[in-house]
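As stored in model_3.txt (compact mmCIF, C-alpha atoms):
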# COMPACT_ATOMS: atom_id res chain seq x y z
CA MET Y 1 0.00 0.00 0.00
CA ALA Y 2 1.23 3.49 -0.85
CA MET Y 3 2.13 5.98 1.88
CA TYR Y 4 0.32 8.85 0.14
CA ARG Y 5 -1.97 9.62 -2.78
CA LYS Y 6 -0.29 10.94 -5.91
CA LEU Y 7 -3.37 12.96 -6.96
CA SER Y 8 -2.31 12.74 -10.64
CA LYS Y 9 0.32 15.43 -10.15
CA THR Y 10 4.10 15.67 -10.18
CA SER Y 11 5.71 15.83 -6.75
CA ALA Y 12 6.29 19.61 -6.87
CA GLN Y 13 2.70 20.31 -7.98
CA ARG Y 14 1.31 17.94 -5.35
CA LYS Y 15 3.35 19.50 -2.54
CA ALA Y 16 2.35 23.03 -3.61
CA LEU Y 17 -1.33 22.05 -3.80
CA LEU Y 18 -1.32 20.43 -0.37
CA ARG Y 19 0.61 23.31 1.24
CA ASN Y 20 -1.84 25.79 -0.27
CA GLN Y 21 -4.86 23.87 0.97
CA ALA Y 22 -3.33 23.39 4.44
CA THR Y 23 -2.65 27.14 4.61
CA ASN Y 24 -6.21 27.98 3.57
CA LEU Y 25 -7.68 25.48 6.04
CA ILE Y 26 -5.83 27.09 8.95
CA HIS Y 27 -6.53 30.63 7.71
CA TYR Y 28 -10.26 30.24 6.96
CA GLY Y 29 -11.19 27.24 9.13
CA LYS Y 30 -12.79 25.30 6.28
CA ILE Y 31 -12.22 24.49 2.60
CA VAL Y 32 -14.17 22.69 -0.13
CA THR Y 33 -12.13 20.13 -2.05
CA THR Y 34 -12.20 16.55 -3.31
CA GLU Y 35 -12.22 13.64 -0.89
CA ALA Y 36 -8.73 12.37 -1.80
CA ARG Y 37 -7.18 15.82 -1.42
CA ALA Y 38 -8.97 16.38 1.90
CA LYS Y 39 -7.56 13.15 3.32
CA GLU Y 40 -4.04 14.18 2.32
CA VAL Y 41 -4.43 17.72 3.70
CA ARG Y 42 -5.72 16.24 6.95
CA LYS Y 43 -2.45 14.27 7.27
CA MET Y 44 -0.50 17.55 7.05
CA VAL Y 45 -2.65 19.74 9.29
CA GLU Y 46 -3.27 17.46 12.26
CA PRO Y 47 0.45 17.11 13.16
CA LEU Y 48 0.81 20.91 12.95
CA ILE Y 49 -2.03 21.38 15.42
CA THR Y 50 -0.57 18.70 17.69
CA MET Y 51 2.80 20.50 17.60
CA ALA Y 52 1.09 23.80 18.45
CA ILE Y 53 -0.73 22.21 21.40
CA LYS Y 54 2.49 20.76 22.84
CA GLU Y 55 4.35 24.08 22.59
CA LYS Y 56 1.56 26.60 23.25
CA ASP Y 57 2.77 27.63 26.73
CA ASN Y 58 6.49 27.15 26.15
CA PHE Y 59 7.61 30.81 26.15
CA GLU Y 60 8.57 33.56 28.55
CA THR Y 61 7.66 37.24 28.50
CA VAL Y 62 10.59 39.67 28.54
CA THR Y 63 10.58 43.47 28.85
CA VAL Y 64 12.95 45.20 26.44
CA THR Y 65 13.83 48.81 25.69
CA ALA Y 66 13.40 49.75 22.05
CA LYS Y 67 14.03 52.89 20.03
CA VAL Y 68 10.96 54.00 18.12
CA ALA Y 69 10.80 56.86 15.63
CA ARG Y 70 8.65 59.78 16.81
CA LYS Y 71 5.77 60.48 14.42
CA ASP Y 72 3.63 63.54 13.77
CA ALA Y 73 -0.15 63.70 13.34
CA ASP Y 74 0.07 62.54 9.70
CA GLY Y 75 2.08 59.45 10.68
CA LYS Y 76 5.34 60.72 9.20
CA ARG Y 77 8.66 60.65 11.06
CA VAL Y 78 9.65 63.82 12.91
CA LYS Y 79 13.02 65.16 11.78
CA GLU Y 80 15.24 67.80 13.32
CA VAL Y 81 18.35 69.52 12.02
CA VAL Y 82 21.60 68.50 13.75
CA ASP Y 83 24.92 69.85 12.38
CA GLY Y 84 23.24 70.81 9.11
CA LYS Y 85 21.69 67.34 8.54
CA LYS Y 86 18.11 66.22 8.95
CA VAL Y 87 18.00 63.43 11.55
CA THR Y 88 15.02 61.35 12.67
CA VAL Y 89 14.05 61.79 16.33
CA PHE Y 90 13.81 58.54 18.33
CA ASP Y 91 12.09 57.82 21.66
CA GLU Y 92 12.92 54.93 23.99
CA VAL Y 93 9.95 52.70 24.77
CA GLN Y 94 9.54 49.69 27.09
CA LYS Y 95 7.97 46.72 25.27
CA GLU Y 96 6.81 43.31 26.43
CA VAL Y 97 8.09 40.62 24.05
CA THR Y 98 7.47 36.87 24.11
CA LYS Y 99 10.67 34.88 23.90
CA ASP Y 100 10.22 31.35 22.54
CA ALA Y 101 11.92 28.39 24.17
CA PRO Y 102 14.17 26.46 21.76
CA SER Y 103 11.63 23.67 21.27
CA ARG Y 104 8.86 26.17 20.46
CA LEU Y 105 11.15 27.99 18.03
CA HIS Y 106 11.84 24.66 16.31
CA ALA Y 107 8.10 23.94 16.14
CA ARG Y 108 7.50 27.43 14.69
CA ARG Y 109 10.07 26.81 11.96
CA GLN Y 110 8.62 23.38 11.17
CA MET Y 111 5.19 24.99 10.73
CA MET Y 112 6.64 27.72 8.51
CA LYS Y 113 8.06 25.00 6.23
CA VAL Y 114 4.52 23.81 5.54
CA LEU Y 115 2.45 27.00 5.57
CA TYR Y 116 2.63 29.72 2.94
CA PRO Y 117 2.73 33.40 4.00
CA VAL Y 118 -0.72 35.02 3.84
CA VAL Y 119 -1.44 38.67 3.04
CA GLU Y 120 -4.93 40.06 3.62
CA VAL Y 121 -6.09 42.86 1.34
CA PRO Y 122 -9.15 44.93 2.34
CA THR Y 123 -11.88 44.86 -0.32
CA GLU Y 124 -11.81 48.62 -0.87
CA ASN Y 125 -8.07 48.45 -1.69
CA ALA Y 126 -8.20 45.43 -4.00
CA GLY Y 127 -5.18 45.39 -6.30
CA LYS Y 128 -3.22 47.89 -4.21
CA LYS Y 129 -0.35 47.39 -1.81
CA LYS Y 130 -1.54 50.02 0.62
CA ASN Y 131 -3.16 48.83 3.87
CA THR Y 132 -2.35 45.17 3.22
CA LYS Y 133 -1.79 43.10 6.33
CA LYS Y 134 0.41 40.04 6.78
CA VAL Y 135 -1.31 37.27 8.72
CA ASP Y 136 0.92 35.23 11.02
CA LEU Y 137 -0.62 31.75 10.72
CA VAL Y 138 1.95 30.20 13.04
CA ASP Y 139 0.96 32.66 15.75
CA LYS Y 140 -2.69 31.89 15.02
CA LEU Y 141 -1.93 28.19 15.55
CA PHE Y 142 -0.31 28.91 18.92
CA THR Y 143 -2.77 31.52 20.25
CA GLU Y 144 -6.19 30.60 18.80
CA ILE Y 145 -6.23 27.02 17.56
CA ALA Y 146 -4.01 25.27 20.16
CA PRO Y 147 -5.96 26.44 23.26
CA LYS Y 148 -9.20 25.42 21.54
CA TYR Y 149 -7.99 21.81 21.09
CA ALA Y 150 -5.80 21.52 24.22
CA ASP Y 151 -8.01 18.88 25.84
CA ARG Y 152 -8.44 16.84 22.63
CA ASN Y 153 -6.30 13.85 21.61
CA GLY Y 154 -6.26 14.14 17.82
CA GLY Y 155 -9.18 14.36 15.42
CA TYR Y 156 -8.99 18.12 14.92
CA THR Y 157 -10.54 18.06 11.43
CA ARG Y 158 -13.88 16.88 10.08
CA ILE Y 159 -14.71 15.74 6.54
CA ILE Y 160 -18.33 16.19 5.42
CA LYS Y 161 -19.35 14.83 2.01
CA ILE Y 162 -21.42 17.27 -0.04
CA GLY Y 163 -21.92 15.23 -3.22
CA PRO Y 164 -20.34 14.72 -6.63
CA ARG Y 165 -18.83 17.62 -8.55
CA LYS Y 166 -20.72 18.69 -11.69
CA GLY Y 167 -17.87 18.41 -14.20
CA ASP Y 168 -16.14 15.11 -13.41
CA ALA Y 169 -18.35 13.59 -10.68
CA ALA Y 170 -15.48 13.63 -8.16
CA MET Y 171 -16.80 13.44 -4.60
CA GLU Y 172 -16.60 16.89 -3.07
CA VAL Y 173 -16.22 17.38 0.67
CA VAL Y 174 -15.97 20.17 3.21
CA LEU Y 175 -12.82 19.86 5.29
CA GLU Y 176 -13.13 21.93 8.46
CA LEU Y 177 -11.56 22.36 11.84
CA VAL Y 178 -13.83 20.79 14.47
Rewrite the structure of this file - the entire thing - as structure tokens.
Amino acid sequence: MAMYRKLSKTSAQRKALLRNQATNLIHYGKIVTTEARAKEVRKMVEPLITMAIKEKDNFETVTVTAKVARKDADGKRVKEVVDGKKVTVFDEVQKEVTKDAPSRLHARRQMMKVLYPVVEVPTENAGKKKNTKKVDLVDKLFTEIAPKYADRNGGYTRIIKIGPRKGDAAMEVVLELV
């Protein structure tokens, strides 16, 4: 018996497809796909969630001093003239930062190998770079998804059959986080 389904794709295409679907499942919470693809995506996502559950509390909070550029009312940096040059004015600020333990850092990097980076674009700015927002899916796994499934031993996804697809009669399913 084979260890995985080939899905009629080359290895690079198959890996890209599965990574994309795993990313979308974690980002949106549910996806519609074929049954074979859903079973393969499930094999990728469940270990990620398990990893997030194991490492969710494995960090310490540290207070650091950081230099931050002073900004005016328009959001632009304030500059002052020093020795005939315009120099940005900086303020020192105390910040609370979470410092990952080595095992959590390793888990974070393992998750980043599987998940694609996601950028959200507001509907009113479609096609523009302005006001886009990067979504940290790894942080979402640690802060939202892991606490939700902390008391569960596996079985984080559910496959619901919704019937055959119109074009090729492939069985379509909804793959969702429970």
Protein, DNA and RNA residues within 12 Å of (-1.9, 31.1, 12.2), all atoms listed in the file, as a ChimeraX atom specification: /Y:22-29,45,48-49,52,108,111-112,114-119,134-146
Any chance you could export the current selection's C-alpha atoms as a CSV table (one decimal), in the coordinates of the input?
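Final output, selection-v4.csv:
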chain,number,residue,atom,x,y,z
Y,22,ALA,CA,-3.3,23.4,4.4
Y,23,THR,CA,-2.6,27.1,4.6
Y,24,ASN,CA,-6.2,28.0,3.6
Y,25,LEU,CA,-7.7,25.5,6.0
Y,26,ILE,CA,-5.8,27.1,9.0
Y,27,HIS,CA,-6.5,30.6,7.7
Y,28,TYR,CA,-10.3,30.2,7.0
Y,29,GLY,CA,-11.2,27.2,9.1
Y,45,VAL,CA,-2.6,19.7,9.3
Y,48,LEU,CA,0.8,20.9,13.0
Y,49,ILE,CA,-2.0,21.4,15.4
Y,52,ALA,CA,1.1,23.8,18.4
Y,108,ARG,CA,7.5,27.4,14.7
Y,111,MET,CA,5.2,25.0,10.7
Y,112,MET,CA,6.6,27.7,8.5
Y,114,VAL,CA,4.5,23.8,5.5
Y,115,LEU,CA,2.4,27.0,5.6
Y,116,TYR,CA,2.6,29.7,2.9
Y,117,PRO,CA,2.7,33.4,4.0
Y,118,VAL,CA,-0.7,35.0,3.8
Y,119,VAL,CA,-1.4,38.7,3.0
Y,134,LYS,CA,0.4,40.0,6.8
Y,135,VAL,CA,-1.3,37.3,8.7
Y,136,ASP,CA,0.9,35.2,11.0
Y,137,LEU,CA,-0.6,31.8,10.7
Y,138,VAL,CA,2.0,30.2,13.0
Y,139,ASP,CA,1.0,32.7,15.8
Y,140,LYS,CA,-2.7,31.9,15.0
Y,141,LEU,CA,-1.9,28.2,15.6
Y,142,PHE,CA,-0.3,28.9,18.9
Y,143,THR,CA,-2.8,31.5,20.2
Y,144,GLU,CA,-6.2,30.6,18.8
Y,145,ILE,CA,-6.2,27.0,17.6
Y,146,ALA,CA,-4.0,25.3,20.2
Of the listed residues Y:Glu176, Y:Asp100, Y:Asp57, Y:Glu40, that which approaches Pro147 in chain Y most closely, counting all atoms listed in the file: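 Answer, going by the shortest atom-to-atom distance: Y:Asp57.
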Atomic distance CA of Val32 in chain Y - CA of Ala107 in chain Y, expressed in Å with one decimal: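 Calculated distance between CA of Val32 in chain Y and CA of Ala107 in chain Y is 27.6 Å.
Residue nearest Lys6 in chain Y within the list Y:Met51, Y:Ile31, Y:Ala36, Y:Leu175: Y:Ala36 [criterion: smallest interatomic distance, only C-alpha atoms].
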Selected residue, from Y:Ala170, Y:Val178, Y:Val121, Y:Ala101, that lies nearest to Asn58 in chain Y when counting only C-alpha atoms: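 Answer, going by the shortest atom-to-atom distance: Y:Ala101.
Residue nearest Tyr156 in chain Y, chosen from Y:Ile53, Y:Pro122, Y:Phe59, Y:Leu177 and counting all atoms listed in the file: Y:Leu177.
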Any chance you could model N, CA, C and O atoms for range 66-84 of chain Y and send them as a PDB file, in the coordinates of the input?
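Saved as out-v3.pdb:
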ATOM      1  N   ALA Y  66      13.240  49.621  23.491  1.00  0.00           N
ATOM      2  CA  ALA Y  66      13.400  49.750  22.050  1.00  0.00           C
ATOM      3  C   ALA Y  66      13.362  51.218  21.650  1.00  0.00           C
ATOM      4  O   ALA Y  66      12.692  52.030  22.299  1.00  0.00           O
ATOM      5  N   LYS Y  67      14.087  51.540  20.582  1.00  0.00           N
ATOM      6  CA  LYS Y  67      14.030  52.890  20.030  1.00  0.00           C
ATOM      7  C   LYS Y  67      12.971  52.916  18.945  1.00  0.00           C
ATOM      8  O   LYS Y  67      12.991  52.100  18.028  1.00  0.00           O
ATOM      9  N   VAL Y  68      12.052  53.868  19.075  1.00  0.00           N
ATOM     10  CA  VAL Y  68      10.960  54.000  18.120  1.00  0.00           C
ATOM     11  C   VAL Y  68      10.974  55.415  17.575  1.00  0.00           C
ATOM     12  O   VAL Y  68      11.132  56.382  18.334  1.00  0.00           O
ATOM     13  N   ALA Y  69      10.805  55.537  16.261  1.00  0.00           N
ATOM     14  CA  ALA Y  69      10.800  56.860  15.630  1.00  0.00           C
ATOM     15  C   ALA Y  69       9.566  57.641  16.073  1.00  0.00           C
ATOM     16  O   ALA Y  69       8.461  57.103  16.092  1.00  0.00           O
ATOM     17  N   ARG Y  70       9.754  58.909  16.438  1.00  0.00           N
ATOM     18  CA  ARG Y  70       8.650  59.780  16.810  1.00  0.00           C
ATOM     19  C   ARG Y  70       7.901  60.163  15.542  1.00  0.00           C
ATOM     20  O   ARG Y  70       8.513  60.448  14.519  1.00  0.00           O
ATOM     21  N   LYS Y  71       6.566  60.162  15.606  1.00  0.00           N
ATOM     22  CA  LYS Y  71       5.770  60.480  14.420  1.00  0.00           C
ATOM     23  C   LYS Y  71       4.844  61.637  14.701  1.00  0.00           C
ATOM     24  O   LYS Y  71       4.391  61.845  15.822  1.00  0.00           O
ATOM     25  N   ASP Y  72       4.542  62.398  13.630  1.00  0.00           N
ATOM     26  CA  ASP Y  72       3.630  63.540  13.770  1.00  0.00           C
ATOM     27  C   ASP Y  72       2.194  63.078  13.561  1.00  0.00           C
ATOM     28  O   ASP Y  72       1.914  61.890  13.476  1.00  0.00           O
ATOM     29  N   ALA Y  73       1.269  64.023  13.470  1.00  0.00           N
ATOM     30  CA  ALA Y  73      -0.150  63.700  13.340  1.00  0.00           C
ATOM     31  C   ALA Y  73      -0.474  62.966  12.042  1.00  0.00           C
ATOM     32  O   ALA Y  73      -1.425  62.185  11.985  1.00  0.00           O
ATOM     33  N   ASP Y  74       0.315  63.197  10.989  1.00  0.00           N
ATOM     34  CA  ASP Y  74       0.070  62.540   9.700  1.00  0.00           C
ATOM     35  C   ASP Y  74       0.688  61.135   9.638  1.00  0.00           C
ATOM     36  O   ASP Y  74       0.531  60.438   8.646  1.00  0.00           O
ATOM     37  N   GLY Y  75       1.444  60.769  10.676  1.00  0.00           N
ATOM     38  CA  GLY Y  75       2.080  59.450  10.680  1.00  0.00           C
ATOM     39  C   GLY Y  75       3.467  59.455  10.061  1.00  0.00           C
ATOM     40  O   GLY Y  75       4.042  58.404   9.821  1.00  0.00           O
ATOM     41  N   LYS Y  76       4.005  60.636   9.780  1.00  0.00           N
ATOM     42  CA  LYS Y  76       5.340  60.720   9.200  1.00  0.00           C
ATOM     43  C   LYS Y  76       6.365  60.955  10.302  1.00  0.00           C
ATOM     44  O   LYS Y  76       6.055  61.533  11.343  1.00  0.00           O
ATOM     45  N   ARG Y  77       7.591  60.505  10.066  1.00  0.00           N
ATOM     46  CA  ARG Y  77       8.660  60.650  11.060  1.00  0.00           C
ATOM     47  C   ARG Y  77       9.019  62.114  11.282  1.00  0.00           C
ATOM     48  O   ARG Y  77       9.120  62.892  10.334  1.00  0.00           O
ATOM     49  N   VAL Y  78       9.248  62.460  12.549  1.00  0.00           N
ATOM     50  CA  VAL Y  78       9.650  63.820  12.910  1.00  0.00           C
ATOM     51  C   VAL Y  78      11.161  63.916  12.727  1.00  0.00           C
ATOM     52  O   VAL Y  78      11.911  63.069  13.196  1.00  0.00           O
ATOM     53  N   LYS Y  79      11.590  64.970  12.022  1.00  0.00           N
ATOM     54  CA  LYS Y  79      13.020  65.160  11.780  1.00  0.00           C
ATOM     55  C   LYS Y  79      13.461  66.504  12.351  1.00  0.00           C
ATOM     56  O   LYS Y  79      12.698  67.465  12.332  1.00  0.00           O
ATOM     57  N   GLU Y  80      14.682  66.541  12.854  1.00  0.00           N
ATOM     58  CA  GLU Y  80      15.240  67.800  13.320  1.00  0.00           C
ATOM     59  C   GLU Y  80      16.629  67.972  12.716  1.00  0.00           C
ATOM     60  O   GLU Y  80      17.273  67.002  12.337  1.00  0.00           O
ATOM     61  N   VAL Y  81      17.066  69.206  12.638  1.00  0.00           N
ATOM     62  CA  VAL Y  81      18.350  69.520  12.020  1.00  0.00           C
ATOM     63  C   VAL Y  81      19.447  69.469  13.091  1.00  0.00           C
ATOM     64  O   VAL Y  81      19.379  70.167  14.102  1.00  0.00           O
ATOM     65  N   VAL Y  82      20.451  68.622  12.859  1.00  0.00           N
ATOM     66  CA  VAL Y  82      21.600  68.500  13.750  1.00  0.00           C
ATOM     67  C   VAL Y  82      22.855  68.620  12.888  1.00  0.00           C
ATOM     68  O   VAL Y  82      23.057  67.809  11.979  1.00  0.00           O
ATOM     69  N   ASP Y  83      23.681  69.618  13.153  1.00  0.00           N
ATOM     70  CA  ASP Y  83      24.920  69.850  12.380  1.00  0.00           C
ATOM     71  C   ASP Y  83      24.647  69.973  10.888  1.00  0.00           C
ATOM     72  O   ASP Y  83      25.401  69.457  10.061  1.00  0.00           O
ATOM     73  N   GLY Y  84      23.547  70.586  10.512  1.00  0.00           N
ATOM     74  CA  GLY Y  84      23.240  70.810   9.110  1.00  0.00           C
ATOM     75  C   GLY Y  84      22.611  69.618   8.404  1.00  0.00           C
ATOM     76  O   GLY Y  84      22.376  69.667   7.207  1.00  0.00           O
TER      77      GLY Y  84
END
